[in-house]
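Engineer: What follows is the file work.cif, containing mmCIF, C-alpha atoms:
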```
data_final
#
loop_
_atom_site.label_atom_id
_atom_site.label_comp_id
_atom_site.auth_asym_id
_atom_site.auth_seq_id
_atom_site.Cartn_x
_atom_site.Cartn_y
_atom_site.Cartn_z
CA ALA A 118 -32.58 3.14 -10.31
CA PHE A 119 -33.15 4.47 -6.80
CA ALA A 120 -36.57 2.90 -6.40
CA SER A 121 -35.50 0.23 -3.92
CA GLY A 122 -32.67 -0.83 -1.66
CA ARG A 123 -30.62 1.09 0.88
CA LEU A 124 -28.99 4.39 -0.04
CA ILE A 125 -25.41 4.50 1.23
CA VAL A 126 -23.02 7.45 1.06
CA ILE A 127 -19.34 6.49 1.34
CA ASN A 128 -16.79 9.29 1.69
CA LEU A 129 -13.30 8.13 0.79
CA ALA A 130 -12.11 11.52 -0.43
CA MET A 131 -11.71 12.86 3.09
CA HIS A 132 -8.88 10.38 3.63
CA LYS A 133 -7.22 11.48 0.37
CA ILE A 134 -6.56 7.89 -0.64
CA THR A 135 -5.50 7.38 -4.23
CA PHE A 136 -4.28 4.60 -6.45
CA ILE A 137 -0.64 3.75 -6.86
CA ILE A 138 1.44 6.76 -7.88
CA HIS A 139 4.58 4.89 -8.68
CA VAL A 140 5.98 1.37 -8.51
CA VAL A 141 9.68 0.92 -7.93
CA ASN A 142 11.47 -2.33 -8.79
CA LEU A 143 15.01 -2.94 -7.62
CA PHE A 144 16.80 -5.96 -9.08
CA ILE A 145 20.47 -5.08 -8.60
CA HIS A 146 23.12 -7.80 -8.20
CA ILE A 147 25.50 -7.37 -5.27
CA ASP A 148 28.22 -9.69 -3.93
CA MET A 149 26.52 -11.87 -1.35
CA THR A 150 27.29 -13.32 2.08
CA THR A 151 25.40 -16.17 3.69
CA VAL A 152 22.71 -15.97 6.36
CA HIS A 153 20.86 -18.98 7.77
CA ALA A 154 17.13 -18.87 8.47
CA GLN A 155 14.77 -21.71 9.33
CA GLN A 156 17.27 -24.37 8.19
CA ALA A 157 17.44 -22.73 4.76
CA SER A 158 20.55 -21.02 3.39
CA PHE A 159 19.93 -17.66 1.75
CA HIS A 160 22.48 -15.18 0.45
CA ILE A 161 21.93 -11.67 1.83
CA PRO A 162 24.35 -8.78 1.27
CA PRO A 163 25.50 -6.64 4.20
CA LYS A 164 24.86 -3.53 2.11
CA MET A 165 22.05 -2.71 -0.33
CA ARG A 166 20.66 -0.06 -2.62
CA ALA A 167 17.77 1.94 -1.21
CA ALA A 168 15.94 5.22 -1.55
CA GLN A 169 16.93 7.60 1.22
CA CYS A 170 15.07 10.64 2.50
CA THR A 171 17.43 13.17 4.10
CA GLY A 172 14.88 15.56 5.64
CA TYR A 173 11.39 16.98 5.44
CA GLY A 174 10.18 18.91 2.43
CA GLU A 175 7.79 18.94 -0.50
CA ASN A 176 10.46 19.12 -3.20
CA PHE A 177 11.16 15.40 -3.28
CA GLU A 178 13.93 15.75 -5.86
CA GLN A 179 15.92 17.61 -3.22
CA ILE A 180 15.28 15.34 -0.23
CA LEU A 181 14.98 11.90 -1.88
CA SER A 182 17.65 9.97 -3.75
CA VAL A 183 18.54 6.36 -4.63
CA SER A 184 22.07 5.16 -3.94
CA GLN A 185 23.85 4.01 -7.10
CA GLU A 186 25.85 1.39 -5.22
CA GLY A 187 25.19 -0.68 -2.14
CA THR A 188 25.82 1.86 0.62
CA VAL A 189 22.83 1.33 2.94
CA ASP A 190 22.98 -1.29 5.68
CA THR A 191 20.74 -4.28 4.93
CA PRO A 192 18.24 -4.68 7.81
CA ARG A 193 19.03 -7.70 10.00
CA LEU A 194 16.22 -9.83 11.35
CA GLY A 195 16.23 -10.01 15.14
CA ILE A 196 18.87 -7.26 15.43
CA ASP A 197 17.61 -4.13 13.71
CA LYS A 198 14.29 -2.52 14.57
CA PRO A 199 12.01 -1.49 11.70
CA PRO A 200 11.79 2.32 11.38
CA ALA A 201 8.00 1.99 11.62
CA THR A 202 8.48 0.42 15.10
CA PHE A 203 6.31 -2.68 14.60
CA LYS A 204 6.87 -6.22 15.86
CA ASN A 205 6.43 -9.65 14.22
CA GLU A 206 8.89 -8.81 11.48
CA MET A 207 10.48 -10.97 8.79
CA LEU A 208 13.00 -10.11 6.10
CA ILE A 209 12.07 -9.98 2.42
CA LYS A 210 13.90 -9.26 -0.82
CA VAL A 211 11.85 -6.45 -2.31
CA GLN A 212 10.36 -6.85 -5.78
CA ALA A 213 7.90 -3.93 -5.92
CA VAL A 214 6.85 -0.99 -3.75
CA ALA A 215 3.68 1.08 -4.17
CA LEU A 216 3.79 4.74 -3.14
CA ALA A 217 0.69 6.79 -2.27
CA PRO A 218 -0.15 10.24 -0.84
CA GLY A 219 0.49 8.92 2.67
CA ASP A 220 4.16 8.46 1.78
CA ALA A 221 4.28 12.01 0.44
CA ARG A 222 2.71 13.40 3.64
CA VAL A 223 5.30 11.66 5.79
CA MET A 224 8.18 12.94 3.63
CA SER A 225 6.74 16.47 3.73
CA GLY A 226 6.72 16.47 7.53
CA LYS A 227 2.99 17.21 7.79
CA THR A 228 2.46 14.11 9.96
CA ARG A 229 5.77 14.22 11.81
CA GLU A 230 4.14 14.25 15.26
CA PHE A 231 2.84 10.70 14.90
CA GLN A 232 4.48 9.34 11.72
CA GLY A 233 7.89 10.94 11.71
CA PRO A 234 10.96 8.74 11.18
CA PRO A 235 13.15 7.89 14.18
CA SER A 236 16.08 9.63 12.46
CA PHE A 237 17.43 10.85 9.12
CA PRO A 238 18.20 9.57 6.58
CA TYR A 239 15.47 6.96 6.38
CA THR A 240 14.00 4.71 3.69
CA PRO A 241 10.40 5.60 2.73
CA GLY A 242 7.72 3.32 1.30
CA GLY A 243 5.08 1.25 3.06
CA ASP A 244 3.25 -1.19 0.75
CA VAL A 245 5.50 -3.89 -0.62
CA CYS A 246 5.78 -7.23 -2.39
CA GLY A 247 8.83 -9.44 -2.10
CA ILE A 248 10.38 -12.85 -1.50
CA VAL A 249 10.83 -14.06 2.08
CA VAL A 250 14.52 -14.59 2.81
CA ALA A 251 14.53 -14.89 6.61
CA VAL A 252 11.83 -15.62 9.21
CA PRO A 253 11.93 -15.64 13.01
CA GLU A 254 12.44 -19.01 14.65
CA GLU A 255 9.33 -18.36 16.73
CA SER A 256 6.54 -15.80 16.42
CA LYS A 257 5.97 -13.20 19.15
CA LYS A 258 2.93 -15.18 20.30
CA GLY A 259 4.83 -18.45 20.35
CA GLY A 260 4.88 -21.13 17.70
CA GLN A 261 6.27 -21.09 14.20
CA CYS A 262 5.95 -18.25 11.72
CA LYS A 263 3.29 -19.13 9.11
CA PHE A 264 5.54 -17.97 6.27
CA ARG A 265 8.47 -19.86 4.79
CA VAL A 266 11.67 -18.78 3.10
CA GLY A 267 10.93 -18.50 -0.61
CA ASP A 268 7.30 -17.38 -0.24
CA ARG A 269 6.31 -14.40 -2.39
CA VAL A 270 4.32 -12.14 -0.10
CA ALA A 271 2.65 -8.73 -0.05
CA ALA A 272 2.48 -6.57 3.08
CA ARG A 273 0.87 -3.25 3.84
CA PHE A 274 2.47 -0.67 6.08
CA MET A 275 2.05 -0.79 9.85
CA ASN A 276 2.11 2.39 11.96
CA LYS A 277 4.20 4.39 9.47
CA PRO A 278 4.79 3.97 5.72
CA MET A 279 8.56 3.57 5.73
CA GLY A 280 11.39 1.10 5.39
CA MET A 281 10.33 -0.68 2.18
CA LEU A 282 11.89 1.24 -0.71
CA GLY A 283 15.12 -0.73 -0.76
CA GLU A 284 16.40 -4.07 -2.01
CA TYR A 285 15.59 -5.69 1.36
CA ALA A 286 13.06 -4.76 4.01
CA LEU A 287 11.55 -5.90 7.30
CA CYS A 288 7.79 -6.35 6.92
CA ASN A 289 5.12 -7.16 9.50
CA THR A 290 3.77 -10.72 9.32
CA ALA A 291 0.45 -9.61 10.85
CA VAL A 292 -0.49 -7.53 7.76
CA CYS A 293 1.00 -9.85 5.16
CA ASP A 294 -0.07 -12.77 3.00
CA VAL A 295 1.18 -15.01 0.21
CA VAL A 296 0.60 -13.61 -3.29
CA PRO A 297 -1.30 -15.87 -5.74
CA LYS A 298 0.74 -17.02 -8.75
CA ASN A 299 -1.52 -15.18 -11.21
CA VAL A 300 -0.91 -11.78 -9.55
CA SER A 301 2.22 -9.81 -10.49
CA SER A 302 4.47 -8.35 -7.81
CA GLU A 303 3.65 -4.83 -9.00
CA ASP A 304 -0.09 -5.46 -8.77
CA ALA A 305 0.28 -7.11 -5.36
CA ALA A 306 2.11 -4.09 -3.92
CA ALA A 307 -0.54 -1.76 -5.32
CA LEU A 308 -3.46 -3.89 -4.13
CA VAL A 309 -2.38 -4.88 -0.63
CA SER A 310 -3.53 -1.69 1.08
CA SER A 311 -6.22 0.02 -1.00
CA ALA A 312 -7.94 -3.14 -2.23
CA MET A 313 -7.99 -4.57 1.29
CA VAL A 314 -9.83 -1.51 2.62
CA ALA A 315 -12.24 -1.67 -0.33
CA ALA A 316 -12.92 -5.36 0.38
CA ILE A 317 -13.74 -4.61 4.04
CA ILE A 318 -16.24 -1.93 2.98
CA ALA A 319 -17.67 -4.11 0.19
CA ASP A 320 -18.51 -6.84 2.70
CA ARG A 321 -21.17 -4.48 4.07
CA ILE A 322 -22.84 -3.92 0.69
CA HIS A 323 -25.99 -5.93 0.02
CA GLU A 324 -28.01 -6.88 -3.04
CA GLY A 325 -29.94 -3.84 -4.32
CA ASP A 326 -27.97 -1.21 -2.39
CA ARG A 327 -27.48 2.19 -4.05
CA LEU A 328 -24.12 3.84 -3.44
CA LEU A 329 -22.77 7.37 -3.62
CA ILE A 330 -18.99 7.04 -3.38
CA TYR A 331 -16.80 10.10 -2.77
CA GLY A 332 -13.26 9.54 -4.03
CA ALA A 333 -14.42 6.92 -6.53
CA GLY A 334 -11.35 7.40 -8.71
CA GLY A 335 -8.82 6.70 -5.95
CA GLY A 336 -7.24 3.42 -4.91
CA VAL A 337 -9.96 2.40 -2.47
CA GLY A 338 -12.80 3.96 -4.44
CA SER A 339 -11.93 2.45 -7.83
CA HIS A 340 -11.79 -1.02 -6.30
CA LEU A 341 -14.92 -0.45 -4.25
CA CYS A 342 -17.00 0.51 -7.30
CA GLN A 343 -16.13 -2.81 -8.91
CA MET A 344 -16.61 -4.89 -5.75
CA ALA A 345 -19.97 -3.22 -5.11
CA ARG A 346 -21.16 -4.49 -8.48
CA GLN A 347 -20.01 -7.99 -7.65
CA ASN A 348 -21.97 -7.82 -4.38
CA GLY A 349 -25.17 -6.85 -6.18
CA ALA A 350 -25.34 -3.06 -5.81
CA SER A 351 -28.08 -1.78 -8.11
CA TYR A 352 -26.67 1.73 -8.64
CA VAL A 353 -23.20 3.19 -8.13
CA ALA A 354 -22.66 6.94 -8.37
CA GLY A 355 -19.06 8.13 -8.20
CA VAL A 356 -17.58 11.48 -7.19
CA GLY A 357 -14.20 12.53 -8.54
CA ARG A 358 -12.32 14.97 -10.74
CA ASP A 359 -12.57 12.83 -13.91
CA PRO A 360 -16.21 11.73 -14.29
CA GLN A 361 -15.60 10.29 -17.77
CA ARG A 362 -13.05 7.85 -16.34
CA LEU A 363 -15.48 6.84 -13.60
CA MET A 364 -18.10 5.93 -16.19
CA GLU A 365 -15.74 3.77 -18.22
CA GLN A 366 -14.54 0.24 -17.55
CA PRO A 367 -13.39 -1.13 -15.23
CA ILE A 368 -14.86 1.34 -12.69
CA SER A 369 -18.19 1.53 -14.59
CA CYS A 370 -20.24 3.87 -12.41
CA ASN A 371 -23.87 4.44 -13.40
CA TYR A 372 -23.39 8.17 -12.85
CA ALA A 373 -20.39 10.35 -12.06
CA VAL A 374 -20.00 13.95 -10.99
CA ASP A 375 -17.01 16.31 -10.96
CA TYR A 376 -17.01 17.76 -7.44
CA THR A 377 -14.93 20.74 -8.60
CA LYS A 378 -17.86 21.87 -10.75
CA THR A 379 -20.96 20.45 -9.04
CA ASP A 380 -22.04 19.88 -5.45
CA PRO A 381 -22.67 16.11 -5.39
CA LEU A 382 -25.54 16.52 -2.92
CA SER A 383 -27.36 18.87 -5.30
CA VAL A 384 -27.66 16.32 -8.14
CA LYS A 385 -31.36 15.57 -8.77
CA GLU A 386 -30.73 11.95 -9.70
CA TRP A 387 -30.25 11.03 -6.05
CA CYS A 388 -31.57 14.01 -4.06
#
```
Any chance you could put this one into structure tokens?
Structural biologist:
Amino acid sequence: AFASGRLIVINLAMHKITFIIHVVNLFIHIDMTTVHAQQASFHIPPKMRAAQCTGYGENFEQILSVSQEGTVDTPRLGIDKPPATFKNEMLIKVQAVALAPGDARVMSGKTREFQGPPSFPYTPGGDVCGIVVAVPEESKKGGQCKFRVGDRVAARFMNKPMGMLGEYALCNTAVCDVVPKNVSSEDAAALVSSAMVAAIIADRIHEGDRLLIYGAGGGVGSHLCQMARQNGASYVAGVGRDPQRLMEQPISCNYAVDYTKTDPLSVKEWC
């Protein structure tokens, strides 16, 4: 299988990227007030339900809770700044949020120097799918926002994974797109970050390439294994903790190795 084509080693494990840990859906009815956006009338409550993180720590049951009633201020477009400090924001009604190890690292405080929240409590969560309920009259670069009220969109986090795990959220229009009708909101939230990275890497894979992918069972890796096949890779070897899973559909590696038991670079099949 390694007779021809380029041999490419891709290390995704060093970034500790994994597939969706949890998807949270919030569909709670609250008495509504009216807000106008782009000549469309949408009802947005002044308060909402949201997950709130009260401090740093690794025992998330102690530092993370979800309000049972609408007690958190709903973010206001053009008035409130996103906790992740990005620009080009629009307001969405959240349908699904995908959490990953990056969210856990921020909540633990391990990345507080460059990803810490502006204050406590804050709402975690970075990758999101929702319905657009308010857009800016003009984009930061001038001209109209490309999204419209009512669009179902998915957005990945920008700068810091926070602000999304509530009923409403401000997302960045620069890392956002409309979700196809045949993709669920849960899948869109899970795909928007990891699958996008996998697609960027897959664009560099050519017909006949042979791949050794570290972290093949994670979010980026599991998508990349499949995309590599679509792009004509002749051999895909995956590295992870569950080699049996890597060999099965849909990941379908030709060969898989458990790095906790074997040094991947010592395997004769590709050394």
Engineer: Which of these, A:Ile196, A:Ile248, A:Val214, A:Ile127, has the shortest distance to Ala168 of chain A once you count all atoms listed in the file?
Structural biologist: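 Going through A:Ile196, A:Ile248, A:Val214, A:Ile127 one by one, the smallest distance to Ala168 of chain A is for A:Val214.
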Engineer: Of the candidates A:Gly283, A:Gly267, A:Pro297, A:Pro163, which one gets nearest to Pro241 of chain A if we count all atoms listed in the file?
Structural biologist: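 The shortest atom-to-atom distance to Pro241 of chain A comes from A:Gly283.
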Engineer: Run the PyMOL selection byres ((chain A and resi 288) around 7) on the file and write out the hits as an MDAnalysis selection string.
Structural biologist: chainID A and resid 206:208 272 286:287 289:290
Engineer: To one decimal place in Å, what is the distance between atom CA of Ala291 of chain A and atom CA of Glu230 of chain A?
Structural biologist: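 Taking atom CA of Ala291 of chain A as the start and atom CA of Glu230 of chain A as the end point, the length is 24.5 Å.
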Engineer: In Å, how far is it from atom CA of Arg265 of chain A to atom CA of Asp190 of chain A?
Structural biologist: 23.6 Å
Engineer: Please, what distance in Å, to one decimal, runs between atom CA of Gln343 of chain A and atom CA of Ala316 of chain A?
Structural biologist: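 Separation between atom CA of Gln343 of chain A and atom CA of Ala316 of chain A: 10.2 Å.
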Engineer: Find the spatial neighbours of Glu303 of chain A, counting only C-alpha atoms, within a cut-off of 8 Å - ignore same-chain residues fewer than 3 positions away - and output them as a list of chain:residue names.
Structural biologist: A:Val140, A:Gln212, A:Ala213, A:Val214, A:Ala215, A:Cys246, A:Ala306, A:Ala307
Engineer: Which residue gives the smallest distance to Lys210 of chain A among A:Tyr239, A:Phe274, A:Phe159, A:Tyr352, with only C-alpha atoms counted?
Structural biologist: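 Comparing A:Tyr239, A:Phe274, A:Phe159, A:Tyr352 against Lys210 of chain A, the winner is A:Phe159.
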Engineer: Step by step, gather every atom of segment 331-348 of chain A that the file lists, find the box along x, y and z that holds them, add 6 Å on each side, and finally give centre and edge lengths in Å to one decimal, as AutoDock Vina command-line options.
Structural biologist:
```
--center_x -14.6 --center_y 1.1 --center_z -5.7 --size_x 26.7 --size_y 30.1 --size_z 18.4
```
Engineer: Considering all atoms listed in the file, state which residue in the set A:Ala271, A:Val295, A:Met165, A:Leu129 is at the smallest distance from Leu308 of chain A.
Structural biologist: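 Residue with the minimum atom-to-atom distance to Leu308 of chain A: A:Ala271.
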Engineer: For Ser311 of chain A, list every protein, DNA or RNA residue within 12 Å, evaluated using all atoms listed in the file, and leave out those in the same chain fewer than 2 positions away; present the list as a ChimeraX atom specification.
Structural biologist: /A:129,132-137,215-219,244,272-274,304-309,313-318,334-341
Engineer: Evaluate the PyMOL selection byres ((chain A and resi 326) around 12) and record the selected residues as a list in words, following the chain and residue labels used in the document.
Structural biologist: Ala118, Phe119, Ala120, Ser121, Gly122, Arg123, Leu124, Ile125, Val126, Ala319, Arg321, Ile322, His323, Glu324, Gly325, Arg327, Leu328, Leu329, Ala345, Arg346, Gln347, Asn348, Gly349, Ala350, Ser351, Tyr352, Val353 and Ala354 of chain A
Engineer: Write a file of the selected residues as a compact mmCIF listing (two decimals), keeping the file's coordinate frame, keeping C-alpha atoms.
Structural biologist:
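Saved result, out.txt, follows:
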```
# COMPACT_ATOMS: atom_id res chain seq x y z
CA ALA A 118 -32.58 3.14 -10.31
CA PHE A 119 -33.15 4.47 -6.80
CA ALA A 120 -36.57 2.90 -6.40
CA SER A 121 -35.50 0.23 -3.92
CA GLY A 122 -32.67 -0.83 -1.66
CA ARG A 123 -30.62 1.09 0.88
CA LEU A 124 -28.99 4.39 -0.04
CA ILE A 125 -25.41 4.50 1.23
CA VAL A 126 -23.02 7.45 1.06
CA ALA A 319 -17.67 -4.11 0.19
CA ARG A 321 -21.17 -4.48 4.07
CA ILE A 322 -22.84 -3.92 0.69
CA HIS A 323 -25.99 -5.93 0.02
CA GLU A 324 -28.01 -6.88 -3.04
CA GLY A 325 -29.94 -3.84 -4.32
CA ARG A 327 -27.48 2.19 -4.05
CA LEU A 328 -24.12 3.84 -3.44
CA LEU A 329 -22.77 7.37 -3.62
CA ALA A 345 -19.97 -3.22 -5.11
CA ARG A 346 -21.16 -4.49 -8.48
CA GLN A 347 -20.01 -7.99 -7.65
CA ASN A 348 -21.97 -7.82 -4.38
CA GLY A 349 -25.17 -6.85 -6.18
CA ALA A 350 -25.34 -3.06 -5.81
CA SER A 351 -28.08 -1.78 -8.11
CA TYR A 352 -26.67 1.73 -8.64
CA VAL A 353 -23.20 3.19 -8.13
CA ALA A 354 -22.66 6.94 -8.37
```
Engineer: Could you build a table of the residues in segment 227-328 of chain A lying no more than 10 Å from segment 169-189 of chain A, giving for each the nearest pair of atoms and their separation in Å rounded to one decimal place, using only C-alpha atoms, ordered by chain and ascending residue number, as a Markdown table?
Structural biologist:
```
| residue | atom | partner | partner_atom | distance |
| --- | --- | --- | --- | --- |
| A:Lys227 | CA | A:Tyr173 | CA | 8.7 |
| A:Arg229 | CA | A:Tyr173 | CA | 8.9 |
| A:Gly233 | CA | A:Tyr173 | CA | 9.4 |
| A:Pro234 | CA | A:Gly172 | CA | 9.6 |
| A:Ser236 | CA | A:Gly172 | CA | 9.1 |
| A:Phe237 | CA | A:Thr171 | CA | 5.5 |
| A:Pro238 | CA | A:Thr171 | CA | 4.4 |
| A:Tyr239 | CA | A:Cys170 | CA | 5.4 |
| A:Thr240 | CA | A:Gln169 | CA | 4.8 |
| A:Pro241 | CA | A:Cys170 | CA | 6.9 |
| A:Gly280 | CA | A:Gln169 | CA | 9.5 |
| A:Leu282 | CA | A:Gln169 | CA | 8.3 |
| A:Gly283 | CA | A:Gln169 | CA | 8.8 |
| A:Glu284 | CA | A:Gly187 | CA | 9.4 |
```
Engineer: How would you write, as a PyMOL selection string, the residues chosen by the PyMOL selection byres ((chain A and resi 366-378) around 6) on this structure?
Structural biologist: chain A and resi 339+342-343+353-358+360+363-365+379-380
Engineer: Within 6 Å of (7.9, 4.5, 5.1) in the file's own coordinates, which protein, DNA or RNA residues have an atom, counting all atoms listed in the file? List them as a ChimeraX atom specification.
Structural biologist: /A:241-243,277-280
Engineer: Any chance you could build segment 313-323 of chain A out to all heavy atoms and write it as a JSON list (two decimals), in the coordinates of the input?
Structural biologist:
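File rebuild_35.json, as written:
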```json
[["chain", "number", "residue", "atom", "x", "y", "z"],
["A", 313, "MET", "N", -7.57, -3.95, 0.05],
["A", 313, "MET", "CA", -7.99, -4.57, 1.29],
["A", 313, "MET", "C", -9.05, -3.72, 1.99],
["A", 313, "MET", "O", -10.06, -4.23, 2.47],
["A", 313, "MET", "CB", -6.80, -4.77, 2.23],
["A", 313, "MET", "CG", -7.17, -5.46, 3.54],
["A", 313, "MET", "SD", -5.78, -5.59, 4.67],
["A", 313, "MET", "CE", -5.55, -3.88, 5.14],
["A", 314, "VAL", "N", -8.83, -2.40, 2.01],
["A", 314, "VAL", "CA", -9.83, -1.51, 2.62],
["A", 314, "VAL", "C", -11.13, -1.57, 1.85],
["A", 314, "VAL", "O", -12.22, -1.62, 2.42],
["A", 314, "VAL", "CB", -9.29, -0.06, 2.66],
["A", 314, "VAL", "CG1", -10.37, 0.89, 3.17],
["A", 314, "VAL", "CG2", -8.05, 0.02, 3.54],
["A", 315, "ALA", "N", -11.03, -1.59, 0.51],
["A", 315, "ALA", "CA", -12.24, -1.67, -0.33],
["A", 315, "ALA", "C", -13.00, -2.96, -0.06],
["A", 315, "ALA", "O", -14.24, -2.98, 0.00],
["A", 315, "ALA", "CB", -11.86, -1.58, -1.80],
["A", 316, "ALA", "N", -12.28, -4.06, 0.13],
["A", 316, "ALA", "CA", -12.92, -5.36, 0.38],
["A", 316, "ALA", "C", -13.67, -5.35, 1.72],
["A", 316, "ALA", "O", -14.76, -5.92, 1.84],
["A", 316, "ALA", "CB", -11.88, -6.47, 0.36],
["A", 317, "ILE", "N", -13.08, -4.69, 2.72],
["A", 317, "ILE", "CA", -13.74, -4.61, 4.04],
["A", 317, "ILE", "C", -15.05, -3.84, 3.92],
["A", 317, "ILE", "O", -16.08, -4.23, 4.49],
["A", 317, "ILE", "CB", -12.79, -3.95, 5.06],
["A", 317, "ILE", "CG1", -11.60, -4.88, 5.34],
["A", 317, "ILE", "CG2", -13.53, -3.64, 6.36],
["A", 317, "ILE", "CD1", -10.53, -4.24, 6.20],
["A", 318, "ILE", "N", -15.03, -2.72, 3.17],
["A", 318, "ILE", "CA", -16.24, -1.93, 2.98],
["A", 318, "ILE", "C", -17.25, -2.71, 2.15],
["A", 318, "ILE", "O", -18.45, -2.73, 2.45],
["A", 318, "ILE", "CB", -15.92, -0.58, 2.31],
["A", 318, "ILE", "CG1", -14.97, 0.24, 3.19],
["A", 318, "ILE", "CG2", -17.20, 0.20, 2.04],
["A", 318, "ILE", "CD1", -14.46, 1.49, 2.52],
["A", 319, "ALA", "N", -16.77, -3.38, 1.10],
["A", 319, "ALA", "CA", -17.67, -4.11, 0.19],
["A", 319, "ALA", "C", -18.42, -5.23, 0.90],
["A", 319, "ALA", "O", -19.54, -5.58, 0.50],
["A", 319, "ALA", "CB", -16.87, -4.67, -0.99],
["A", 320, "ASP", "N", -17.83, -5.78, 1.94],
["A", 320, "ASP", "CA", -18.51, -6.84, 2.70],
["A", 320, "ASP", "C", -19.81, -6.36, 3.33],
["A", 320, "ASP", "O", -20.67, -7.17, 3.68],
["A", 320, "ASP", "CB", -17.58, -7.38, 3.80],
["A", 320, "ASP", "CG", -16.51, -8.30, 3.24],
["A", 320, "ASP", "OD1", -16.67, -8.77, 2.09],
["A", 320, "ASP", "OD2", -15.51, -8.54, 3.94],
["A", 321, "ARG", "N", -19.96, -5.05, 3.46],
["A", 321, "ARG", "CA", -21.17, -4.48, 4.07],
["A", 321, "ARG", "C", -22.21, -4.06, 3.04],
["A", 321, "ARG", "O", -23.25, -3.51, 3.39],
["A", 321, "ARG", "CB", -20.78, -3.29, 4.95],
["A", 321, "ARG", "CG", -19.96, -3.70, 6.17],
["A", 321, "ARG", "CD", -19.21, -2.52, 6.79],
["A", 321, "ARG", "NE", -18.61, -2.87, 8.06],
["A", 321, "ARG", "CZ", -17.49, -3.56, 8.20],
["A", 321, "ARG", "NH1", -16.84, -3.99, 7.12],
["A", 321, "ARG", "NH2", -17.00, -3.83, 9.39],
["A", 322, "ILE", "N", -21.92, -4.28, 1.78],
["A", 322, "ILE", "CA", -22.84, -3.92, 0.69],
["A", 322, "ILE", "C", -23.73, -5.11, 0.36],
["A", 322, "ILE", "O", -23.23, -6.22, 0.18],
["A", 322, "ILE", "CB", -22.06, -3.45, -0.54],
["A", 322, "ILE", "CG1", -21.26, -2.18, -0.19],
["A", 322, "ILE", "CG2", -23.00, -3.20, -1.71],
["A", 322, "ILE", "CD1", -20.33, -1.73, -1.29],
["A", 323, "HIS", "N", -25.02, -4.87, 0.25],
["A", 323, "HIS", "CA", -25.99, -5.93, 0.02],
["A", 323, "HIS", "C", -26.62, -5.81, -1.37],
["A", 323, "HIS", "O", -26.53, -4.77, -2.02],
["A", 323, "HIS", "CB", -27.08, -5.90, 1.08],
["A", 323, "HIS", "CG", -26.57, -6.04, 2.48],
["A", 323, "HIS", "ND1", -27.26, -5.56, 3.57],
["A", 323, "HIS", "CD2", -25.43, -6.60, 2.96],
["A", 323, "HIS", "CE1", -26.57, -5.82, 4.67],
["A", 323, "HIS", "NE2", -25.46, -6.45, 4.32]]
```
